[in-house]
>>> print(open('start12.cif').read())   # mmCIF, C-alpha atoms
data_protein
loop_
_atom_site.group_PDB
_atom_site.id
_atom_site.type_symbol
_atom_site.label_atom_id
_atom_site.label_comp_id
_atom_site.auth_asym_id
_atom_site.auth_seq_id
_atom_site.Cartn_x
_atom_site.Cartn_y
_atom_site.Cartn_z
ATOM 1 C CA MET A 1234 -7.342 104.668 5.567
ATOM 2 C CA ASP A 1235 -3.841 104.560 6.982
ATOM 3 C CA VAL A 1236 -2.886 101.276 8.642
ATOM 4 C CA SER A 1237 -0.386 102.941 10.945
ATOM 5 C CA SER A 1238 -3.111 105.110 12.461
ATOM 6 C CA LEU A 1239 -5.159 102.014 13.312
ATOM 7 C CA CYS A 1240 -2.336 100.008 14.848
ATOM 8 C CA HIS A 1241 -0.403 101.799 17.535
ATOM 9 C CA ILE A 1242 2.841 99.874 17.207
ATOM 10 C CA ARG A 1243 6.098 101.331 18.439
ATOM 11 C CA SER A 1244 9.174 101.107 16.282
ATOM 12 C CA LYS A 1245 10.950 98.788 18.716
ATOM 13 C CA SER A 1246 8.278 96.084 18.167
ATOM 14 C CA CYS A 1247 9.787 95.433 14.738
ATOM 15 C CA ARG A 1248 13.084 94.507 16.367
ATOM 16 C CA THR A 1249 11.527 91.825 18.573
ATOM 17 C CA SER A 1250 10.221 88.386 17.696
ATOM 18 C CA SER A 1251 6.843 89.895 16.848
ATOM 19 C CA SER A 1252 8.091 91.396 13.600
ATOM 20 C CA HIS A 1253 5.132 89.945 11.732
ATOM 21 C CA ARG A 1254 2.758 92.574 13.155
ATOM 22 C CA TYR A 1255 1.081 95.158 10.977
ATOM 23 C CA GLY A 1256 3.044 98.307 10.394
ATOM 24 C CA CYS A 1257 6.445 96.633 10.393
ATOM 25 C CA ARG A 1258 8.471 97.546 7.344
ATOM 26 C CA ARG A 1259 10.031 94.097 7.084
ATOM 27 C CA LEU A 1260 6.690 92.489 6.252
ATOM 28 C CA SER A 1261 7.047 90.898 2.819
ATOM 29 C CA ARG A 1262 3.507 89.561 2.301
ATOM 30 C CA PRO A 1263 0.555 91.791 1.349
ATOM 31 C CA LEU A 1264 -1.135 93.492 4.249
ATOM 32 C CA PHE A 1265 -4.504 92.054 5.309
ATOM 33 C CA HIS A 1266 -5.568 94.294 8.112
ATOM 34 C CA PRO A 1267 -8.371 93.207 10.467
ATOM 35 C CA PHE A 1268 -9.993 96.650 10.326
ATOM 36 C CA THR A 1269 -10.421 96.712 6.569
ATOM 37 C CA HIS A 1270 -13.757 95.754 5.031
ATOM 38 C CA GLY A 1271 -12.615 92.209 4.258
ATOM 39 C CA GLY A 1272 -11.077 91.783 7.695
ATOM 40 C CA VAL A 1273 -14.281 92.769 9.480
ATOM 41 C CA LEU A 1274 -16.397 90.442 7.338
ATOM 42 C CA SER A 1275 -13.977 87.596 7.927
ATOM 43 C CA GLN A 1276 -14.033 88.187 11.681
ATOM 44 C CA MET A 1277 -17.845 88.334 11.651
ATOM 45 C CA SER A 1278 -18.102 84.984 9.871
ATOM 46 C CA GLN A 1279 -15.627 83.399 12.282
ATOM 47 C CA HIS A 1280 -17.482 84.888 15.247
ATOM 48 C CA GLN A 1281 -20.779 83.368 14.120
ATOM 49 C CA VAL A 1282 -19.219 79.921 13.775
ATOM 50 C CA HIS A 1283 -17.638 80.275 17.225
ATOM 51 C CA ALA A 1284 -21.065 81.277 18.562
ATOM 52 C CA VAL A 1285 -22.548 78.032 17.186
ATOM 53 C CA GLN A 1286 -19.769 76.044 18.840
ATOM 54 C CA GLN A 1287 -20.316 77.689 22.235
ATOM 55 C CA LEU A 1288 -24.105 77.467 21.967
ATOM 56 C CA ALA A 1289 -23.804 73.755 21.192
ATOM 57 C CA LYS A 1290 -21.758 73.195 24.338
ATOM 58 C CA VAL A 1291 -24.282 75.080 26.472
ATOM 59 C CA MET A 1292 -27.246 73.195 25.020
ATOM 60 C CA GLY A 1293 -25.645 69.754 25.408
ATOM 61 C CA TRP A 1294 -24.891 69.226 21.725
ATOM 62 C CA HIS A 1295 -21.631 67.623 20.586
ATOM 63 C CA VAL A 1296 -19.130 69.448 18.379
ATOM 64 C CA LEU A 1297 -18.127 67.022 15.620
ATOM 65 C CA SER A 1298 -15.882 69.299 13.591
ATOM 66 C CA PHE A 1299 -14.717 72.896 13.554
ATOM 67 C CA SER A 1300 -12.497 74.846 11.174
ATOM 68 C CA ASN A 1301 -11.644 78.516 10.744
ATOM 69 C CA HIS A 1302 -10.117 77.841 7.324
ATOM 70 C CA VAL A 1303 -12.426 75.680 5.229
ATOM 71 C CA GLY A 1304 -10.846 74.325 2.077
ATOM 72 C CA LEU A 1305 -14.077 73.239 0.391
ATOM 73 C CA GLY A 1306 -16.710 75.246 -1.408
ATOM 74 C CA PRO A 1307 -16.386 78.593 -3.130
ATOM 75 C CA VAL A 1308 -13.027 80.339 -2.683
ATOM 76 C CA GLU A 1309 -13.303 83.573 -0.723
ATOM 77 C CA SER A 1310 -11.314 86.445 -2.208
ATOM 78 C CA ILE A 1311 -11.217 88.177 1.176
ATOM 79 C CA GLY A 1312 -10.506 86.171 4.299
ATOM 80 C CA ASN A 1313 -11.493 82.550 4.868
ATOM 81 C CA ALA A 1314 -14.706 80.627 5.299
ATOM 82 C CA SER A 1315 -15.363 78.934 8.643
ATOM 83 C CA ALA A 1316 -17.449 75.862 9.366
ATOM 84 C CA VAL A 1317 -18.743 73.824 12.282
ATOM 85 C CA THR A 1318 -20.750 70.608 12.537
ATOM 86 C CA VAL A 1319 -22.634 69.754 15.728
ATOM 87 C CA ALA A 1320 -24.745 66.725 16.661
ATOM 88 C CA SER A 1321 -27.791 66.603 18.915
ATOM 89 C CA PRO A 1322 -27.450 65.053 22.391
ATOM 90 C CA ASN A 1323 -28.906 61.724 21.226
ATOM 91 C CA GLY A 1324 -27.005 61.824 17.917
ATOM 92 C CA GLU A 1325 -30.059 61.726 15.660
ATOM 93 C CA TYR A 1326 -29.619 65.179 14.124
ATOM 94 C CA ALA A 1327 -26.613 67.120 12.898
ATOM 95 C CA ILE A 1328 -26.345 70.790 11.989
ATOM 96 C CA SER A 1329 -23.570 72.038 9.711
ATOM 97 C CA VAL A 1330 -22.850 75.734 9.348
ATOM 98 C CA ARG A 1331 -20.524 77.225 6.738
ATOM 99 C CA ASN A 1332 -19.975 80.943 6.940
ATOM 100 C CA GLY A 1333 -17.790 83.023 4.651
ATOM 101 C CA PRO A 1334 -17.136 86.759 4.312
ATOM 102 C CA GLU A 1335 -18.449 86.827 0.734
ATOM 103 C CA SER A 1336 -20.509 83.659 0.373
ATOM 104 C CA GLY A 1337 -22.499 84.307 3.542
ATOM 105 C CA CYS A 1338 -24.063 81.779 5.850
ATOM 106 C CA LYS A 1339 -25.296 78.337 4.835
ATOM 107 C CA VAL A 1340 -26.996 76.101 7.399
ATOM 108 C CA VAL A 1341 -27.919 72.492 6.666
ATOM 109 C CA VAL A 1342 -29.562 69.870 8.880
ATOM 110 C CA GLN A 1343 -29.055 66.131 8.656
ATOM 111 C CA PHE A 1344 -32.130 64.149 9.702
ATOM 112 C CA PRO A 1345 -32.310 60.517 10.821
ATOM 113 C CA ARG A 1346 -32.440 58.023 7.977
ATOM 114 C CA LYS A 1347 -35.745 56.626 9.253
ATOM 115 C CA GLN A 1348 -37.396 60.057 8.764
ATOM 116 C CA THR A 1349 -36.183 60.378 5.189
ATOM 117 C CA LYS A 1350 -38.692 59.089 2.659
ATOM 118 C CA GLU A 1351 -36.628 59.728 -0.480
ATOM 119 C CA LEU A 1352 -34.027 57.044 0.263
ATOM 120 C CA PRO A 1353 -34.670 53.852 -1.696
ATOM 121 C CA LYS A 1354 -34.766 50.587 0.188
ATOM 122 C CA SER A 1355 -31.784 48.395 -0.523
ATOM 123 C CA ASP A 1356 -31.745 44.642 -0.897
ATOM 124 C CA VAL A 1357 -27.996 44.636 -0.273
ATOM 125 C CA ILE A 1358 -28.113 46.068 3.266
ATOM 126 C CA GLN A 1359 -30.052 43.633 5.410
ATOM 127 C CA ASP A 1360 -28.782 44.462 8.901
ATOM 128 C CA ALA A 1361 -30.998 46.823 10.916
ATOM 129 C CA LYS A 1362 -28.024 48.570 12.532
ATOM 130 C CA TRP A 1363 -27.494 50.638 9.371
ATOM 131 C CA THR A 1364 -30.875 52.323 9.784
ATOM 132 C CA HIS A 1365 -29.414 54.322 12.684
ATOM 133 C CA LEU A 1366 -27.176 56.315 10.349
ATOM 134 C CA ARG A 1367 -28.268 59.840 9.519
ATOM 135 C CA GLY A 1368 -29.659 60.593 6.074
ATOM 136 C CA PRO A 1369 -28.829 63.366 3.601
ATOM 137 C CA TYR A 1370 -28.528 67.041 4.476
ATOM 138 C CA LYS A 1371 -31.341 69.522 3.864
ATOM 139 C CA GLU A 1372 -30.710 73.244 3.625
ATOM 140 C CA VAL A 1373 -32.411 75.591 6.090
ATOM 141 C CA HIS A 1374 -34.019 78.739 4.656
ATOM 142 C CA TRP A 1375 -32.080 80.921 7.082
ATOM 143 C CA ARG A 1376 -33.562 84.266 6.070
ATOM 144 C CA LYS A 1377 -37.103 82.976 6.569
ATOM 145 C CA MET A 1378 -36.441 81.641 10.063
ATOM 146 C CA GLU A 1379 -37.891 83.369 13.069
ATOM 147 C CA GLY A 1380 -35.417 85.268 15.243
ATOM 148 C CA ARG A 1381 -33.759 88.664 15.537
ATOM 149 C CA ASN A 1382 -30.192 87.603 14.857
ATOM 150 C CA PHE A 1383 -27.971 84.668 14.039
ATOM 151 C CA VAL A 1384 -27.628 83.350 17.600
ATOM 152 C CA TYR A 1385 -31.387 83.476 18.309
ATOM 153 C CA LYS A 1386 -32.125 81.606 15.094
ATOM 154 C CA MET A 1387 -29.511 78.964 15.848
ATOM 155 C CA GLU A 1388 -30.778 78.543 19.405
ATOM 156 C CA LEU A 1389 -34.318 78.059 18.095
ATOM 157 C CA LEU A 1390 -33.133 75.483 15.549
ATOM 158 C CA MET A 1391 -31.156 73.541 18.158
ATOM 159 C CA ALA A 1392 -34.028 73.671 20.651
ATOM 160 C CA THR A 1393 -36.407 72.340 18.001
ATOM 161 C CA LEU A 1394 -34.126 69.406 17.192
ATOM 162 C CA THR A 1395 -33.253 68.589 20.822
ATOM 163 C CA PRO A 1396 -35.285 65.636 22.133
ATOM 164 C CA CYS A 1397 -37.396 66.078 25.243
ATOM 165 C CA PRO A 1398 -35.995 64.311 28.323
#
>>> encode(input="start12.cif", output="structure tokens")
Amino acid sequence: MDVSSLCHIRSKSCRTSSSHRYGCRRLSRPLFHPFTHGGVLSQMSQHQVHAVQQLAKVMGWHVLSFSNHVGLGPVESIGNASAVTVASPNGEYAISVRNGPESGCKVVVQFPRKQTKELPKSDVIQDAKWTHLRGPYKEVHWRKMEGRNFVYKMELLMATLTPCP
């Protein structure tokens, strides 16, 4: 597939400040075109993370962190992994989503510490204020969840973890 046929860039665009665009002969780094297989997968993973961020805002959740270029986890050979962490309106639950073009989607939920039975009781921590911290993350079996697509599944998960008013 020819890159120049996908990007309709005139020759005078290389003479302007936008000389970094695709198709310019002065480009010294390797070409990563958004319409190639890796570019589409990378855009899809970023789009899903953006969808979680926007859905969280609509449903009253709080966005704790967001990144289009995650530096942790498996290295993606094409594109970058994206991640977002959102917290429920009352702060008891947190959902973290990491989505990469090759590694796929991983969704984990952090439950309140008081709901976690595996945590050992500590004699060192006596103050009750520390019981309000959230516990460890648990992975969601995303493929087994009900819903037609990514956004429906995420909406269902957020609705389930949102407290009733």
>>> resolve_selection(input="start12.cif", expression="the PyMOL selection byres ((chain A and resi 1386) around 12)", output="VMD selection string")
chain A and resid 1281 1284 to 1285 1288 1340 1373 to 1385 1387 to 1393
>>> write_last_selection(input="start12.cif", atoms="C-alpha atoms", output="PDB file, in the coordinates of the input")
ATOM      1  CA  GLN A1281     -20.779  83.368  14.120  1.00  0.00           C
ATOM      2  CA  ALA A1284     -21.065  81.277  18.562  1.00  0.00           C
ATOM      3  CA  VAL A1285     -22.548  78.032  17.186  1.00  0.00           C
ATOM      4  CA  LEU A1288     -24.105  77.467  21.967  1.00  0.00           C
ATOM      5  CA  VAL A1340     -26.996  76.101   7.399  1.00  0.00           C
ATOM      6  CA  VAL A1373     -32.411  75.591   6.090  1.00  0.00           C
ATOM      7  CA  HIS A1374     -34.019  78.739   4.656  1.00  0.00           C
ATOM      8  CA  TRP A1375     -32.080  80.921   7.082  1.00  0.00           C
ATOM      9  CA  ARG A1376     -33.562  84.266   6.070  1.00  0.00           C
ATOM     10  CA  LYS A1377     -37.103  82.976   6.569  1.00  0.00           C
ATOM     11  CA  MET A1378     -36.441  81.641  10.063  1.00  0.00           C
ATOM     12  CA  GLU A1379     -37.891  83.369  13.069  1.00  0.00           C
ATOM     13  CA  GLY A1380     -35.417  85.268  15.243  1.00  0.00           C
ATOM     14  CA  ARG A1381     -33.759  88.664  15.537  1.00  0.00           C
ATOM     15  CA  ASN A1382     -30.192  87.603  14.857  1.00  0.00           C
ATOM     16  CA  PHE A1383     -27.971  84.668  14.039  1.00  0.00           C
ATOM     17  CA  VAL A1384     -27.628  83.350  17.600  1.00  0.00           C
ATOM     18  CA  TYR A1385     -31.387  83.476  18.309  1.00  0.00           C
ATOM     19  CA  MET A1387     -29.511  78.964  15.848  1.00  0.00           C
ATOM     20  CA  GLU A1388     -30.778  78.543  19.405  1.00  0.00           C
ATOM     21  CA  LEU A1389     -34.318  78.059  18.095  1.00  0.00           C
ATOM     22  CA  LEU A1390     -33.133  75.483  15.549  1.00  0.00           C
ATOM     23  CA  MET A1391     -31.156  73.541  18.158  1.00  0.00           C
ATOM     24  CA  ALA A1392     -34.028  73.671  20.651  1.00  0.00           C
ATOM     25  CA  THR A1393     -36.407  72.340  18.001  1.00  0.00           C
TER      26      THR A1393
END
>>> resolve_selection(input="start12.cif", expression="the PyMOL selection byres ((chain A and resi 1316-1328) around 6)", output="count of residues only")
17
>>> atom_distance(input="start12.cif", atom1="atom CA of Thr1395 of chain A", atom2="atom CA of Gln1279 of chain A")
24.6 Å
>>> residues_near_point(input="start12.cif", point="(-13.7, 72.2, 0.8)", cutoff="12 Å", atoms="only C-alpha atoms", output="list in words")
Ser1300, Asn1301, His1302, Val1303, Gly1304, Leu1305, Gly1306, Pro1307, Val1308, Glu1309, Asn1313, Ala1314, Ser1315, Ala1316 and Arg1331 of chain A
>>> atom_distance(input="start12.cif", atom1="atom CA of Met1277 of chain A", atom2="atom CA of Gly1333 of chain A")
8.8 Å
>>> closest_residue(input="start12.cif", among="A:Pro1398, A:Asp1360, A:Ser1336, A:Met1292", to="Ser1275 of chain A", atoms="only C-alpha atoms")
A:Ser1336
>>> resolve_selection(input="start12.cif", expression="the PyMOL selection byres ((chain A and resi 1368) around 8)", output="VMD selection string")
chain A and resid 1343 to 1347 1349 1366 to 1367 1369 to 1370
>>> closest_residue(input="start12.cif", among="A:Cys1397, A:Gly1337, A:Gln1359, A:Lys1371", to="Ser1278 of chain A", atoms="all atoms listed in the file")
A:Gly1337
>>> atom_distance(input="start12.cif", atom1="atom CA of Gln1287 of chain A", atom2="atom CA of Lys1339 of chain A")
18.1 Å
>>> decode(input="start12.cif", residues="segment 1264-1312 of chain A", atoms="N, CA and C atoms", output="PDB file, in the first residue's frame")
ATOM      1  N   LEU A1264       8.540   5.576   9.034  1.00  0.00           N
ATOM      2  CA  LEU A1264       7.154   5.984   8.843  1.00  0.00           C
ATOM      3  C   LEU A1264       6.208   5.064   9.600  1.00  0.00           C
ATOM      4  N   PHE A1265       5.393   5.619  10.491  1.00  0.00           N
ATOM      5  CA  PHE A1265       4.341   4.871  11.166  1.00  0.00           C
ATOM      6  C   PHE A1265       3.031   5.519  10.759  1.00  0.00           C
ATOM      7  N   HIS A1266       2.426   4.967   9.774  1.00  0.00           N
ATOM      8  CA  HIS A1266       1.243   5.587   9.191  1.00  0.00           C
ATOM      9  C   HIS A1266      -0.015   5.140   9.923  1.00  0.00           C
ATOM     10  N   PRO A1267      -0.962   6.059  10.177  1.00  0.00           N
ATOM     11  CA  PRO A1267      -2.154   5.676  10.935  1.00  0.00           C
ATOM     12  C   PRO A1267      -3.062   4.698  10.209  1.00  0.00           C
ATOM     13  N   PHE A1268      -2.905   4.540   8.891  1.00  0.00           N
ATOM     14  CA  PHE A1268      -3.772   3.638   8.155  1.00  0.00           C
ATOM     15  C   PHE A1268      -3.188   2.249   7.990  1.00  0.00           C
ATOM     16  N   THR A1269      -1.987   2.017   8.490  1.00  0.00           N
ATOM     17  CA  THR A1269      -1.431   0.681   8.442  1.00  0.00           C
ATOM     18  C   THR A1269      -2.088  -0.171   9.515  1.00  0.00           C
ATOM     19  N   HIS A1270      -1.850  -1.454   9.494  1.00  0.00           N
ATOM     20  CA  HIS A1270      -2.476  -2.368  10.449  1.00  0.00           C
ATOM     21  C   HIS A1270      -2.167  -1.965  11.882  1.00  0.00           C
ATOM     22  N   GLY A1271      -0.909  -1.664  12.177  1.00  0.00           N
ATOM     23  CA  GLY A1271      -0.525  -1.267  13.523  1.00  0.00           C
ATOM     24  C   GLY A1271      -1.130   0.066  13.927  1.00  0.00           C
ATOM     25  N   GLY A1272      -1.234   0.989  12.979  1.00  0.00           N
ATOM     26  CA  GLY A1272      -1.814   2.287  13.266  1.00  0.00           C
ATOM     27  C   GLY A1272      -3.287   2.196  13.616  1.00  0.00           C
ATOM     28  N   VAL A1273      -4.019   1.352  12.911  1.00  0.00           N
ATOM     29  CA  VAL A1273      -5.448   1.186  13.190  1.00  0.00           C
ATOM     30  C   VAL A1273      -5.652   0.534  14.549  1.00  0.00           C
ATOM     31  N   LEU A1274      -4.863  -0.479  14.864  1.00  0.00           N
ATOM     32  CA  LEU A1274      -4.987  -1.139  16.166  1.00  0.00           C
ATOM     33  C   LEU A1274      -4.637  -0.186  17.305  1.00  0.00           C
ATOM     34  N   SER A1275      -3.623   0.635  17.092  1.00  0.00           N
ATOM     35  CA  SER A1275      -3.240   1.592  18.112  1.00  0.00           C
ATOM     36  C   SER A1275      -4.332   2.634  18.321  1.00  0.00           C
ATOM     37  N   GLN A1276      -4.933   3.102  17.241  1.00  0.00           N
ATOM     38  CA  GLN A1276      -6.026   4.062  17.349  1.00  0.00           C
ATOM     39  C   GLN A1276      -7.250   3.442  18.011  1.00  0.00           C
ATOM     40  N   MET A1277      -7.516   2.172  17.726  1.00  0.00           N
ATOM     41  CA  MET A1277      -8.652   1.487  18.359  1.00  0.00           C
ATOM     42  C   MET A1277      -8.445   1.376  19.863  1.00  0.00           C
ATOM     43  N   SER A1278      -7.241   1.033  20.290  1.00  0.00           N
ATOM     44  CA  SER A1278      -6.990   0.903  21.728  1.00  0.00           C
ATOM     45  C   SER A1278      -7.080   2.254  22.419  1.00  0.00           C
ATOM     46  N   GLN A1279      -6.587   3.306  21.777  1.00  0.00           N
ATOM     47  CA  GLN A1279      -6.708   4.642  22.351  1.00  0.00           C
ATOM     48  C   GLN A1279      -8.160   5.089  22.400  1.00  0.00           C
ATOM     49  N   HIS A1280      -8.921   4.759  21.362  1.00  0.00           N
ATOM     50  CA  HIS A1280     -10.333   5.139  21.321  1.00  0.00           C
ATOM     51  C   HIS A1280     -11.121   4.488  22.459  1.00  0.00           C
ATOM     52  N   GLN A1281     -10.826   3.234  22.749  1.00  0.00           N
ATOM     53  CA  GLN A1281     -11.541   2.548  23.827  1.00  0.00           C
ATOM     54  C   GLN A1281     -11.220   3.169  25.183  1.00  0.00           C
ATOM     55  N   VAL A1282      -9.987   3.569  25.392  1.00  0.00           N
ATOM     56  CA  VAL A1282      -9.622   4.203  26.658  1.00  0.00           C
ATOM     57  C   VAL A1282     -10.271   5.584  26.759  1.00  0.00           C
ATOM     58  N   HIS A1283     -10.322   6.305  25.648  1.00  0.00           N
ATOM     59  CA  HIS A1283     -11.026   7.599  25.644  1.00  0.00           C
ATOM     60  C   HIS A1283     -12.512   7.402  25.925  1.00  0.00           C
ATOM     61  N   ALA A1284     -13.085   6.323  25.403  1.00  0.00           N
ATOM     62  CA  ALA A1284     -14.501   6.029  25.646  1.00  0.00           C
ATOM     63  C   ALA A1284     -14.756   5.798  27.134  1.00  0.00           C
ATOM     64  N   VAL A1285     -13.849   5.108  27.811  1.00  0.00           N
ATOM     65  CA  VAL A1285     -13.984   4.894  29.261  1.00  0.00           C
ATOM     66  C   VAL A1285     -13.927   6.232  29.993  1.00  0.00           C
ATOM     67  N   GLN A1286     -13.022   7.094  29.584  1.00  0.00           N
ATOM     68  CA  GLN A1286     -12.890   8.401  30.220  1.00  0.00           C
ATOM     69  C   GLN A1286     -14.175   9.218  30.060  1.00  0.00           C
ATOM     70  N   GLN A1287     -14.728   9.251  28.866  1.00  0.00           N
ATOM     71  CA  GLN A1287     -15.945  10.026  28.622  1.00  0.00           C
ATOM     72  C   GLN A1287     -17.153   9.404  29.312  1.00  0.00           C
ATOM     73  N   LEU A1288     -17.230   8.083  29.309  1.00  0.00           N
ATOM     74  CA  LEU A1288     -18.324   7.391  29.992  1.00  0.00           C
ATOM     75  C   LEU A1288     -18.274   7.649  31.495  1.00  0.00           C
ATOM     76  N   ALA A1289     -17.077   7.692  32.053  1.00  0.00           N
ATOM     77  CA  ALA A1289     -16.921   7.977  33.478  1.00  0.00           C
ATOM     78  C   ALA A1289     -17.446   9.368  33.808  1.00  0.00           C
ATOM     79  N   LYS A1290     -17.151  10.337  32.975  1.00  0.00           N
ATOM     80  CA  LYS A1290     -17.632  11.695  33.212  1.00  0.00           C
ATOM     81  C   LYS A1290     -19.152  11.758  33.159  1.00  0.00           C
ATOM     82  N   VAL A1291     -19.744  11.059  32.203  1.00  0.00           N
ATOM     83  CA  VAL A1291     -21.202  11.063  32.055  1.00  0.00           C
ATOM     84  C   VAL A1291     -21.882  10.384  33.234  1.00  0.00           C
ATOM     85  N   MET A1292     -21.276   9.320  33.748  1.00  0.00           N
ATOM     86  CA  MET A1292     -21.888   8.553  34.827  1.00  0.00           C
ATOM     87  C   MET A1292     -21.510   9.059  36.219  1.00  0.00           C
ATOM     88  N   GLY A1293     -20.791  10.167  36.300  1.00  0.00           N
ATOM     89  CA  GLY A1293     -20.458  10.752  37.596  1.00  0.00           C
ATOM     90  C   GLY A1293     -19.235  10.151  38.262  1.00  0.00           C
ATOM     91  N   TRP A1294     -18.476   9.344  37.538  1.00  0.00           N
ATOM     92  CA  TRP A1294     -17.252   8.779  38.085  1.00  0.00           C
ATOM     93  C   TRP A1294     -16.136   9.810  37.960  1.00  0.00           C
ATOM     94  N   HIS A1295     -15.048   9.599  38.684  1.00  0.00           N
ATOM     95  CA  HIS A1295     -13.927  10.529  38.695  1.00  0.00           C
ATOM     96  C   HIS A1295     -12.738   9.903  37.973  1.00  0.00           C
ATOM     97  N   VAL A1296     -12.159  10.643  37.043  1.00  0.00           N
ATOM     98  CA  VAL A1296     -10.971  10.159  36.332  1.00  0.00           C
ATOM     99  C   VAL A1296      -9.755  10.424  37.212  1.00  0.00           C
ATOM    100  N   LEU A1297      -9.090   9.351  37.636  1.00  0.00           N
ATOM    101  CA  LEU A1297      -7.914   9.481  38.498  1.00  0.00           C
ATOM    102  C   LEU A1297      -6.629   9.619  37.698  1.00  0.00           C
ATOM    103  N   SER A1298      -6.528   8.859  36.621  1.00  0.00           N
ATOM    104  CA  SER A1298      -5.338   8.954  35.772  1.00  0.00           C
ATOM    105  C   SER A1298      -5.693   8.547  34.360  1.00  0.00           C
ATOM    106  N   PHE A1299      -4.923   9.081  33.415  1.00  0.00           N
ATOM    107  CA  PHE A1299      -5.140   8.790  32.000  1.00  0.00           C
ATOM    108  C   PHE A1299      -3.811   8.933  31.278  1.00  0.00           C
ATOM    109  N   SER A1300      -3.511   7.996  30.384  1.00  0.00           N
ATOM    110  CA  SER A1300      -2.278   8.080  29.612  1.00  0.00           C
ATOM    111  C   SER A1300      -2.452   7.374  28.281  1.00  0.00           C
ATOM    112  N   ASN A1301      -2.028   8.040  27.212  1.00  0.00           N
ATOM    113  CA  ASN A1301      -2.030   7.414  25.887  1.00  0.00           C
ATOM    114  C   ASN A1301      -0.739   6.658  25.616  1.00  0.00           C
ATOM    115  N   HIS A1302       0.250   6.813  26.475  1.00  0.00           N
ATOM    116  CA  HIS A1302       1.547   6.173  26.268  1.00  0.00           C
ATOM    117  C   HIS A1302       2.011   5.561  27.586  1.00  0.00           C
ATOM    118  N   VAL A1303       1.507   4.377  27.878  1.00  0.00           N
ATOM    119  CA  VAL A1303       1.813   3.712  29.142  1.00  0.00           C
ATOM    120  C   VAL A1303       3.211   3.127  29.072  1.00  0.00           C
ATOM    121  N   GLY A1304       3.992   3.362  30.098  1.00  0.00           N
ATOM    122  CA  GLY A1304       5.357   2.867  30.137  1.00  0.00           C
ATOM    123  C   GLY A1304       5.522   1.579  30.918  1.00  0.00           C
ATOM    124  N   LEU A1305       4.443   1.047  31.463  1.00  0.00           N
ATOM    125  CA  LEU A1305       4.512  -0.186  32.242  1.00  0.00           C
ATOM    126  C   LEU A1305       3.846  -1.322  31.495  1.00  0.00           C
ATOM    127  N   GLY A1306       4.224  -2.539  31.845  1.00  0.00           N
ATOM    128  CA  GLY A1306       3.617  -3.703  31.230  1.00  0.00           C
ATOM    129  C   GLY A1306       4.374  -4.136  29.994  1.00  0.00           C
ATOM    130  N   PRO A1307       3.775  -5.051  29.235  1.00  0.00           N
ATOM    131  CA  PRO A1307       4.466  -5.551  28.046  1.00  0.00           C
ATOM    132  C   PRO A1307       4.670  -4.438  27.009  1.00  0.00           C
ATOM    133  N   VAL A1308       5.835  -4.453  26.365  1.00  0.00           N
ATOM    134  CA  VAL A1308       6.157  -3.457  25.347  1.00  0.00           C
ATOM    135  C   VAL A1308       5.427  -3.828  24.058  1.00  0.00           C
ATOM    136  N   GLU A1309       4.740  -2.862  23.494  1.00  0.00           N
ATOM    137  CA  GLU A1309       4.021  -3.068  22.238  1.00  0.00           C
ATOM    138  C   GLU A1309       4.975  -2.816  21.079  1.00  0.00           C
ATOM    139  N   SER A1310       5.042  -3.744  20.132  1.00  0.00           N
ATOM    140  CA  SER A1310       5.933  -3.529  18.991  1.00  0.00           C
ATOM    141  C   SER A1310       5.312  -2.581  17.977  1.00  0.00           C
ATOM    142  N   ILE A1311       3.987  -2.473  17.991  1.00  0.00           N
ATOM    143  CA  ILE A1311       3.313  -1.508  17.117  1.00  0.00           C
ATOM    144  C   ILE A1311       2.490  -0.568  17.980  1.00  0.00           C
ATOM    145  N   GLY A1312       2.737   0.698  17.887  1.00  0.00           N
ATOM    146  CA  GLY A1312       1.953   1.676  18.632  1.00  0.00           C
ATOM    147  C   GLY A1312       2.272   1.672  20.116  1.00  0.00           C
TER     148      GLY A1312
END
